[in-house]
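Student: Provided herewith: my_file.csv, CSV, C-alpha atoms.
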chain,number,residue,atom,x,y,z
A,5,MET,CA,79.7,-13.5,24.1
A,6,TYR,CA,76.7,-12.6,21.9
A,7,LYS,CA,73.5,-11.4,23.4
A,8,GLU,CA,70.4,-13.4,22.4
A,9,LEU,CA,68.3,-11.6,19.8
A,10,ASP,CA,64.9,-10.7,20.9
A,11,PRO,CA,62.8,-13.8,19.9
A,12,LEU,CA,59.7,-11.6,19.4
A,13,LEU,CA,61.4,-9.6,16.8
A,14,HIS,CA,63.6,-12.2,15.3
A,15,SER,CA,60.9,-13.6,13.1
A,16,GLN,CA,60.2,-12.6,9.5
A,17,LEU,CA,56.6,-11.3,9.7
A,18,ARG,CA,56.8,-9.7,13.2
A,19,LEU,CA,60.0,-7.9,12.2
A,20,ALA,CA,58.4,-6.7,9.0
A,21,ILE,CA,55.4,-5.4,10.9
A,22,ILE,CA,57.5,-3.5,13.5
A,23,SER,CA,59.9,-2.1,10.8
A,24,PHE,CA,57.0,-0.8,8.8
A,25,LEU,CA,55.5,0.8,11.8
A,26,VAL,CA,58.9,2.4,12.7
A,27,GLY,CA,58.7,4.1,9.3
A,28,ILE,CA,55.1,5.2,9.4
A,29,GLU,CA,53.8,5.7,13.0
A,30,GLU,CA,50.3,4.2,12.5
A,31,ALA,CA,48.9,1.8,9.9
A,32,GLU,CA,45.7,0.0,9.2
A,33,PHE,CA,45.5,-3.8,9.1
A,34,ASN,CA,44.9,-4.0,5.3
A,35,LEU,CA,47.9,-1.7,4.6
A,36,LEU,CA,50.1,-4.0,6.7
A,37,LYS,CA,48.6,-7.0,4.9
A,38,GLU,CA,49.4,-5.5,1.5
A,39,LYS,CA,52.9,-4.4,2.4
A,40,THR,CA,54.0,-7.6,4.2
A,41,GLY,CA,52.2,-10.0,1.7
A,42,ALA,CA,51.0,-12.1,4.7
A,43,SER,CA,47.6,-13.8,4.9
A,44,SER,CA,45.0,-12.2,7.2
A,45,GLY,CA,45.1,-15.1,9.7
A,46,ASN,CA,48.8,-15.1,10.0
A,47,LEU,CA,49.0,-11.4,10.3
A,48,SER,CA,46.3,-11.3,13.0
A,49,VAL,CA,48.2,-13.9,15.1
A,50,GLN,CA,51.5,-12.0,14.8
A,51,ILE,CA,49.8,-8.7,15.6
A,52,ASP,CA,48.3,-10.3,18.7
A,53,LYS,CA,51.7,-11.5,19.9
A,54,LEU,CA,53.2,-8.0,19.4
A,55,ASN,CA,50.3,-6.4,21.1
A,56,GLN,CA,50.5,-8.8,24.1
A,57,ALA,CA,54.2,-8.0,24.5
A,58,GLY,CA,53.3,-4.3,24.5
A,59,TYR,CA,55.3,-3.6,21.4
A,60,ILE,CA,52.3,-2.2,19.5
A,61,GLU,CA,48.9,-0.8,20.4
A,62,VAL,CA,45.9,-2.1,18.5
A,63,GLU,CA,42.8,0.1,18.2
A,64,LYS,CA,39.6,-1.4,16.7
A,65,THR,CA,37.4,1.3,15.3
A,66,PHE,CA,35.0,2.0,12.4
A,67,ARG,CA,35.2,4.1,9.3
A,68,GLY,CA,31.5,4.5,8.4
A,69,LYS,CA,30.2,1.0,8.7
A,70,LYS,CA,33.5,-0.6,7.9
A,71,PRO,CA,35.6,-2.1,10.8
A,72,LEU,CA,39.1,-0.7,11.0
A,73,THR,CA,42.1,-2.1,12.9
A,74,LEU,CA,44.8,0.5,13.5
A,75,CYS,CA,48.2,-0.6,14.7
A,76,LYS,CA,50.7,1.8,16.3
A,77,LEU,CA,54.2,1.3,17.6
A,78,THR,CA,54.6,1.9,21.4
A,79,LYS,CA,57.6,3.4,23.1
A,80,LYS,CA,58.4,-0.1,24.4
A,81,GLY,CA,58.3,-1.5,20.9
A,82,LEU,CA,60.6,1.3,19.6
A,83,LYS,CA,63.1,0.6,22.3
A,84,ALA,CA,63.0,-3.1,21.7
A,85,PHE,CA,63.5,-2.4,17.9
A,86,GLU,CA,66.5,-0.2,18.6
A,87,GLU,CA,68.1,-2.8,20.9
A,88,TYR,CA,67.4,-5.5,18.3
A,89,VAL,CA,69.1,-3.4,15.5
A,90,ASN,CA,72.0,-2.8,17.8
A,91,ASP,CA,72.4,-6.5,18.6
A,92,LEU,CA,72.2,-7.3,14.9
A,93,ARG,CA,75.1,-4.9,14.3
A,94,ILE,CA,77.2,-6.7,16.9
A,95,TYR,CA,76.4,-10.0,15.3
A,96,ILE,CA,77.4,-8.8,11.9
A,97,ASN,CA,80.4,-6.8,13.0
A,98,PRO,CA,81.6,-7.9,16.5
A,99,LYS,CA,84.2,-5.1,16.6
A,100,SER,CA,81.4,-2.5,16.6
A,101,LYS,CA,80.4,-3.5,20.2
B,12,MET,CA,55.4,-14.6,4.5
B,13,GLU,CA,53.3,-17.7,5.2
B,14,ASN,CA,55.8,-19.2,7.6
B,15,ASN,CA,54.9,-17.2,10.6
B,16,GLU,CA,58.0,-18.3,12.7
B,17,LYS,CA,60.6,-18.2,9.9
B,18,MET,CA,63.9,-17.2,11.4
B,19,LEU,CA,66.2,-14.9,9.6
B,20,SER,CA,70.0,-14.5,9.5
B,21,PRO,CA,71.2,-11.2,10.9
B,22,GLU,CA,72.0,-10.0,7.4
B,23,GLU,CA,68.5,-10.9,6.2
B,24,SER,CA,67.0,-9.1,9.2
B,25,LEU,CA,68.9,-5.9,8.5
B,26,SER,CA,67.9,-6.0,4.8
B,27,MET,CA,64.2,-6.6,5.7
B,28,ILE,CA,64.3,-3.7,8.2
B,29,THR,CA,65.6,-1.4,5.5
B,30,GLU,CA,63.1,-2.6,2.9
B,31,MET,CA,60.1,-2.2,5.2
B,32,ILE,CA,61.1,1.3,6.4
B,33,THR,CA,61.6,2.4,2.8
B,34,LEU,CA,58.2,0.9,1.9
B,35,ALA,CA,56.6,2.8,4.8
B,36,LYS,CA,58.2,6.1,3.8
B,37,LYS,CA,57.1,5.6,0.2
B,38,SER,CA,53.6,4.9,1.2
B,39,ILE,CA,53.2,8.3,3.0
B,40,VAL,CA,54.9,10.5,0.5
B,41,ASP,CA,52.9,12.3,-2.2
B,42,LYS,CA,53.7,10.5,-5.5
B,43,GLY,CA,53.4,13.7,-7.5
B,44,PHE,CA,49.6,13.7,-7.8
B,45,HIS,CA,49.0,17.0,-5.8
B,46,TYR,CA,51.7,18.8,-7.6
B,47,LEU,CA,50.2,17.8,-11.0
B,48,LEU,CA,46.6,18.5,-10.0
B,49,TRP,CA,47.3,22.0,-8.6
B,50,GLY,CA,49.9,22.8,-11.2
B,51,TRP,CA,47.6,22.0,-14.1
B,52,LEU,CA,44.7,23.9,-12.5
B,53,MET,CA,46.9,26.9,-12.0
B,54,LEU,CA,48.2,26.8,-15.6
B,55,LEU,CA,44.6,26.4,-16.9
B,56,ALA,CA,43.3,29.3,-14.7
B,57,SER,CA,46.1,31.6,-15.7
B,58,LEU,CA,45.7,31.1,-19.4
B,59,THR,CA,41.9,31.2,-19.2
B,60,ASP,CA,42.1,34.5,-17.3
B,61,TYR,CA,44.6,35.8,-19.9
B,62,VAL,CA,42.2,34.9,-22.8
B,63,LEU,CA,39.2,36.4,-21.0
B,64,ILE,CA,41.0,39.7,-20.6
B,65,LYS,CA,42.0,39.6,-24.3
B,66,LEU,CA,38.3,39.0,-25.1
B,67,GLU,CA,37.5,42.0,-22.8
B,68,ILE,CA,35.2,40.0,-20.6
B,69,ASN,CA,34.2,41.6,-17.3
B,70,HIS,CA,34.8,39.7,-14.0
B,71,HIS,CA,37.4,37.6,-15.8
B,72,TYR,CA,39.1,36.8,-12.5
B,73,TYR,CA,36.1,34.6,-11.4
B,74,VAL,CA,38.0,31.9,-13.3
B,75,TRP,CA,40.2,31.5,-10.3
B,76,PHE,CA,37.4,29.9,-8.4
B,77,ILE,CA,37.8,26.8,-10.5
B,78,MET,CA,40.9,26.0,-8.5
B,79,PRO,CA,39.1,25.3,-5.2
B,80,ILE,CA,35.9,24.1,-6.8
B,81,ILE,CA,37.6,21.5,-8.9
B,82,GLY,CA,40.8,21.0,-7.0
B,83,MET,CA,39.5,20.5,-3.4
B,84,PRO,CA,37.0,17.6,-4.0
B,85,ILE,CA,39.6,15.8,-6.2
B,86,ALA,CA,42.4,16.3,-3.6
B,87,PHE,CA,40.0,15.2,-0.8
B,88,TRP,CA,39.0,12.0,-2.7
B,89,TYR,CA,42.6,11.2,-3.5
B,90,ASN,CA,43.8,11.6,0.1
B,91,LEU,CA,40.9,9.5,1.4
B,92,LYS,CA,41.7,6.7,-1.1
B,93,HIS,CA,45.5,6.7,-0.6
B,94,TYR,CA,46.3,8.0,2.8
B,95,ALA,CA,43.3,7.2,5.1
B,96,ASN,CA,44.8,3.8,6.1
B,97,SER,CA,47.9,5.3,7.7
B,98,LYS,CA,49.2,8.1,9.7
B,99,SER,CA,52.7,9.5,10.0
B,100,HIS,CA,54.4,12.5,11.6
B,101,LEU,CA,55.9,13.6,8.3
B,102,GLY,CA,52.6,13.2,6.5
B,103,SER,CA,50.9,15.4,9.2
B,104,ILE,CA,53.6,18.1,8.8
B,105,ILE,CA,53.1,18.2,5.0
B,106,THR,CA,49.3,18.4,5.5
B,107,TYR,CA,49.6,21.2,8.0
B,108,LEU,CA,52.0,23.1,5.7
B,109,TRP,CA,49.6,23.0,2.7
B,110,PHE,CA,46.6,23.6,4.9
B,111,GLY,CA,48.4,26.7,6.2
B,112,PHE,CA,49.2,27.7,2.6
B,113,GLY,CA,45.6,27.4,1.7
B,114,ILE,CA,44.5,29.7,4.5
B,115,THR,CA,47.2,32.2,3.7
B,116,ALA,CA,46.2,32.2,0.0
B,117,VAL,CA,42.5,32.9,0.9
B,118,ILE,CA,43.7,35.8,3.2
B,119,ILE,CA,45.9,37.2,0.4
B,120,PHE,CA,43.1,36.9,-2.1
B,121,THR,CA,40.6,38.7,0.2
B,122,MET,CA,43.1,41.4,1.1
B,123,GLY,CA,44.0,41.9,-2.6
B,124,LEU,CA,40.3,42.2,-3.6
B,125,LEU,CA,39.8,44.9,-0.9
B,126,LYS,CA,43.1,46.7,-1.7
B,127,ASN,CA,45.8,46.3,-4.3
B,128,PRO,CA,44.4,43.5,-6.5
B,129,GLU,CA,47.5,43.7,-8.7
B,130,ASN,CA,49.6,42.3,-5.8
B,131,ILE,CA,47.5,39.1,-5.4
B,132,LEU,CA,49.4,36.9,-7.9
B,133,GLN,CA,52.9,37.9,-6.8
B,134,ASN,CA,52.1,37.4,-3.1
B,135,ILE,CA,50.6,34.0,-3.8
B,136,LEU,CA,53.6,33.0,-5.8
B,137,LEU,CA,55.8,34.1,-3.0
B,138,ILE,CA,54.2,31.8,-0.4
B,139,LEU,CA,53.8,29.0,-2.9
B,140,GLY,CA,57.6,29.2,-3.3
B,141,LEU,CA,58.0,28.8,0.5
B,142,ALA,CA,55.5,25.9,0.7
B,143,LEU,CA,57.2,24.0,-2.2
B,144,PHE,CA,60.7,24.7,-0.9
B,145,VAL,CA,59.8,23.3,2.5
B,146,SER,CA,57.8,20.3,1.0
B,147,GLY,CA,60.8,19.5,-1.2
B,148,SER,CA,63.1,19.5,1.8
B,149,ILE,CA,60.8,17.3,3.8
B,150,ILE,CA,60.4,14.7,1.1
B,151,ARG,CA,64.1,15.2,0.1
B,152,PHE,CA,63.3,15.6,-3.6
B,153,ARG,CA,65.3,18.3,-5.3
B,154,PRO,CA,63.0,19.1,-8.2
B,155,VAL,CA,60.2,20.1,-5.8
B,156,TYR,CA,62.6,22.1,-3.7
B,157,LEU,CA,63.8,23.9,-6.9
B,158,GLY,CA,60.2,24.4,-7.9
B,159,GLY,CA,60.0,26.6,-4.8
B,160,VAL,CA,62.9,28.7,-6.2
B,161,VAL,CA,61.1,29.0,-9.5
B,162,TYR,CA,58.0,30.4,-7.8
B,163,TRP,CA,60.2,32.9,-5.8
B,164,LEU,CA,61.8,34.1,-9.1
B,165,ALA,CA,58.4,34.3,-10.7
B,166,ALA,CA,57.1,36.5,-7.8
B,167,LEU,CA,60.1,38.8,-8.3
B,168,ALA,CA,59.5,39.0,-12.1
B,169,CYS,CA,55.8,40.0,-11.4
B,170,ILE,CA,57.0,43.3,-9.9
B,171,PHE,CA,58.0,44.5,-13.4
B,172,ALA,CA,54.9,43.1,-15.2
B,173,SER,CA,51.3,44.1,-15.9
B,174,TYR,CA,48.5,41.9,-14.6
B,175,GLN,CA,48.2,40.3,-18.1
B,176,GLU,CA,51.9,39.6,-18.2
B,177,GLN,CA,51.8,38.3,-14.6
B,178,LEU,CA,49.3,35.6,-15.8
B,179,LEU,CA,51.8,34.3,-18.3
B,180,ILE,CA,54.5,34.3,-15.7
B,181,ASN,CA,52.1,32.4,-13.4
B,182,ALA,CA,51.4,29.8,-16.1
B,183,GLY,CA,55.2,29.4,-16.8
B,184,ALA,CA,55.8,29.0,-13.0
B,185,ALA,CA,53.1,26.4,-12.7
B,186,LEU,CA,54.7,24.4,-15.5
B,187,LEU,CA,58.3,24.6,-14.2
B,188,GLY,CA,57.6,24.8,-10.5
B,189,SER,CA,54.8,22.2,-10.1
B,190,ILE,CA,54.0,20.2,-13.2
B,191,ILE,CA,57.5,19.1,-14.2
B,192,PRO,CA,58.5,18.3,-10.5
B,193,GLY,CA,55.2,16.4,-10.2
B,194,TYR,CA,55.9,14.3,-13.3
B,195,LEU,CA,59.5,13.6,-12.0
B,196,LEU,CA,58.1,12.6,-8.6
B,197,MET,CA,55.6,10.3,-10.3
B,198,ARG,CA,58.4,8.8,-12.4
B,199,LYS,CA,60.5,8.2,-9.3
B,200,PHE,CA,57.8,6.2,-7.6
B,201,THR,CA,56.1,4.4,-10.4
B,202,GLY,CA,59.0,4.1,-12.9
B,203,HIS,CA,56.8,5.6,-15.6
B,204,VAL,CA,54.6,8.7,-16.2
Just give me the structure as structure tokens.
Tutor:
Amino acid sequence: MYKELDPLLHSQLRLAIISFLVGIEEAEFNLLKEKTGASSGNLSVQIDKLNQAGYIEVEKTFRGKKPLTLCKLTKKGLKAFEEYVNDLRIYINPKSK
Amino acid sequence: MENNEKMLSPEESLSMITEMITLAKKSIVDKGFHYLLWGWLMLLASLTDYVLIKLEINHHYYVWFIMPIIGMPIAFWYNLKHYANSKSHLGSIITYLWFGFGITAVIIFTMGLLKNPENILQNILLILGLALFVSGSIIRFRPVYLGGVVYWLAALACIFASYQEQLLINAGAALLGSIIPGYLLMRKFTGHV
């Protein structure tokens, strides 16, 4: 029987955010916006959800007078991502279980 | 990605993961700019020094100060513009590597001025070879890694050359070891030069 895919990650934008952070370690809000092509509002909502789940850490700071939102993948987020990828593999190729 | 809850098939998910991780890696890797900046400055400084010696101008070696004076503010501005919005482990390793190279180059330059100035160029070429070799391995780009080998060979060639000849070797090494790999790296990321 298939394990249910993590609903937090099994959504287009949240998966894009987490995958980008897996590759980069820490990214600013505008960089995530540029790379995912999402609107600011939608991106904020999804970042909040991931933050509340403890998958990412959000740090609000300033560069000069400009506000800066930095997003960083947590250990919990990385573990959830690894499990998600593993579950995907099982879905695609059940023999790999 | 306006549909914030759009569900994906497992195949679509895997493909998106690969795409985003590749995008992330591309956004942290130098797209050739620094190799081109420092390569051209080194070529320019070497040839200018060569011409100044030919013209019998004293203190011709002062021309080398154009490298930090011009190069550092441009490199700093470029990094601020392109890399300030992200942080990565690989990016930090490359920064530390080149920062370490810069400190070593200053030490070699100072030691050379105090004793054996004719060894300055070959020693700088030697550590430049190491820095490029390691950088090329980190970013997995063969021309940069081979650029390191070019600098090592140039350092060896300097043993048999006068200071003036070393300047020409230096200019050739800058072209083959930094400028050409820099253009190839730029072409890889942007599709054009």
Student: Define the interface residues of chain A facing chain B as those within 8 Å, counting only C-alpha atoms, and report them as a ChimeraX atom specification.
Tutor: /A:14-17,19-20,23-32,34-35,39-43,46,50,89,92,95-96
Student: Can you tell me which residues surround Leu13 of chain A at a distance of at most 8 Å, considering all atoms listed in the file, apart from same-chain residues fewer than 5 positions away, and format the answer as a PyMOL selection string?
Tutor: chain A and resi 18-19+22+85+88
Student: Go through B:Leu167, B:Leu108, B:Val145, B:Val155 one by one, measure the shortest atom-to-atom distance of each to Leu47 of chain B using only C-alpha atoms, and give the residue with the smallest value.
Tutor: B:Val155
Student: Mind listing as a PDB file with C-alpha atoms, in the frame of the given file all residues within 12 Å of (38.0, 30.6, -8.5), counting all atoms listed in the file?
Tutor:
ATOM      1  CA  LEU B  52      44.700  23.900 -12.500  1.00  0.00           C
ATOM      2  CA  MET B  53      46.900  26.900 -12.000  1.00  0.00           C
ATOM      3  CA  LEU B  55      44.600  26.400 -16.900  1.00  0.00           C
ATOM      4  CA  ALA B  56      43.300  29.300 -14.700  1.00  0.00           C
ATOM      5  CA  SER B  57      46.100  31.600 -15.700  1.00  0.00           C
ATOM      6  CA  THR B  59      41.900  31.200 -19.200  1.00  0.00           C
ATOM      7  CA  ASP B  60      42.100  34.500 -17.300  1.00  0.00           C
ATOM      8  CA  HIS B  70      34.800  39.700 -14.000  1.00  0.00           C
ATOM      9  CA  HIS B  71      37.400  37.600 -15.800  1.00  0.00           C
ATOM     10  CA  TYR B  72      39.100  36.800 -12.500  1.00  0.00           C
ATOM     11  CA  TYR B  73      36.100  34.600 -11.400  1.00  0.00           C
ATOM     12  CA  VAL B  74      38.000  31.900 -13.300  1.00  0.00           C
ATOM     13  CA  TRP B  75      40.200  31.500 -10.300  1.00  0.00           C
ATOM     14  CA  PHE B  76      37.400  29.900  -8.400  1.00  0.00           C
ATOM     15  CA  ILE B  77      37.800  26.800 -10.500  1.00  0.00           C
ATOM     16  CA  MET B  78      40.900  26.000  -8.500  1.00  0.00           C
ATOM     17  CA  PRO B  79      39.100  25.300  -5.200  1.00  0.00           C
ATOM     18  CA  ILE B  80      35.900  24.100  -6.800  1.00  0.00           C
ATOM     19  CA  ILE B  81      37.600  21.500  -8.900  1.00  0.00           C
ATOM     20  CA  GLY B  82      40.800  21.000  -7.000  1.00  0.00           C
ATOM     21  CA  MET B  83      39.500  20.500  -3.400  1.00  0.00           C
ATOM     22  CA  ALA B 116      46.200  32.200   0.000  1.00  0.00           C
ATOM     23  CA  VAL B 117      42.500  32.900   0.900  1.00  0.00           C
ATOM     24  CA  PHE B 120      43.100  36.900  -2.100  1.00  0.00           C
TER      25      PHE B 120
END
Student: Just the residues within 10 Å of Asp41 of chain B, please, counting all atoms listed in the file, with nothing from its chain fewer than 6 positions along; format it as a VMD selection string.
Tutor: chain B and resid 90 93 to 94 102 105 146 150 193 196 to 197 200
Student: Selection from above, C-alpha atoms, as a short mmCIF file (atom, residue, chain, number, x, y, z; two decimals), keeping the file's coordinate frame, can you write it?
Tutor:
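Okay, out37.cif is ready:
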data_model
loop_
_atom_site.label_atom_id
_atom_site.label_comp_id
_atom_site.auth_asym_id
_atom_site.auth_seq_id
_atom_site.Cartn_x
_atom_site.Cartn_y
_atom_site.Cartn_z
CA ASN B 90 43.80 11.60 0.10
CA HIS B 93 45.50 6.70 -0.60
CA TYR B 94 46.30 8.00 2.80
CA GLY B 102 52.60 13.20 6.50
CA ILE B 105 53.10 18.20 5.00
CA SER B 146 57.80 20.30 1.00
CA ILE B 150 60.40 14.70 1.10
CA GLY B 193 55.20 16.40 -10.20
CA LEU B 196 58.10 12.60 -8.60
CA MET B 197 55.60 10.30 -10.30
CA PHE B 200 57.80 6.20 -7.60
#
Student: Which value, in Å to one decimal, gives the distance between atom CA of Pro84 of chain B and atom CA of Trp49 of chain B?
Tutor: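 Value for the atom CA of Pro84 of chain B-atom CA of Trp49 of chain B distance: 12.1 Å.
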Student: How far is it from atom CA of Ile135 of chain B to atom CA of Ala166 of chain B, in Å with one decimal?
Tutor: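 Going from atom CA of Ile135 of chain B over to atom CA of Ala166 of chain B covers 8.0 Å.
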Student: Let me make sure I understand: among B:Gly123, B:Gly183, B:Gly188, B:Pro128, which one has the smallest atom-to-atom distance to Ala142 of chain B if we use only C-alpha atoms?
Tutor: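 Distance minimum relative to Ala142 of chain B lands on B:Gly188.
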Student: Any idea what the distance is between atom CA of Leu195 of chain B and atom CA of Phe44 of chain B?
Tutor: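 Atom-to-atom, atom CA of Leu195 of chain B and atom CA of Phe44 of chain B are spaced 10.8 Å apart.
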Student: Closest to Ile131 of chain B among B:Ala168, B:Ile85, B:Ser148, B:Tyr174, using only C-alpha atoms?
Tutor: B:Tyr174
Student: Return the single residue from B:Gly147, B:Asn69, B:Ala184, B:Leu178 that is closest to Ala165 of chain B, with distances computed using all atoms listed in the file.
Tutor: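 Of all the options, B:Ala184 lies closest to Ala165 of chain B.
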Student: Which is closer to Ile191 of chain B than all the others in B:Leu157, B:Leu137, B:Leu63, B:Ile68, using only C-alpha atoms?
Tutor: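 Closest to Ile191 of chain B, using only C-alpha atoms: B:Leu157.
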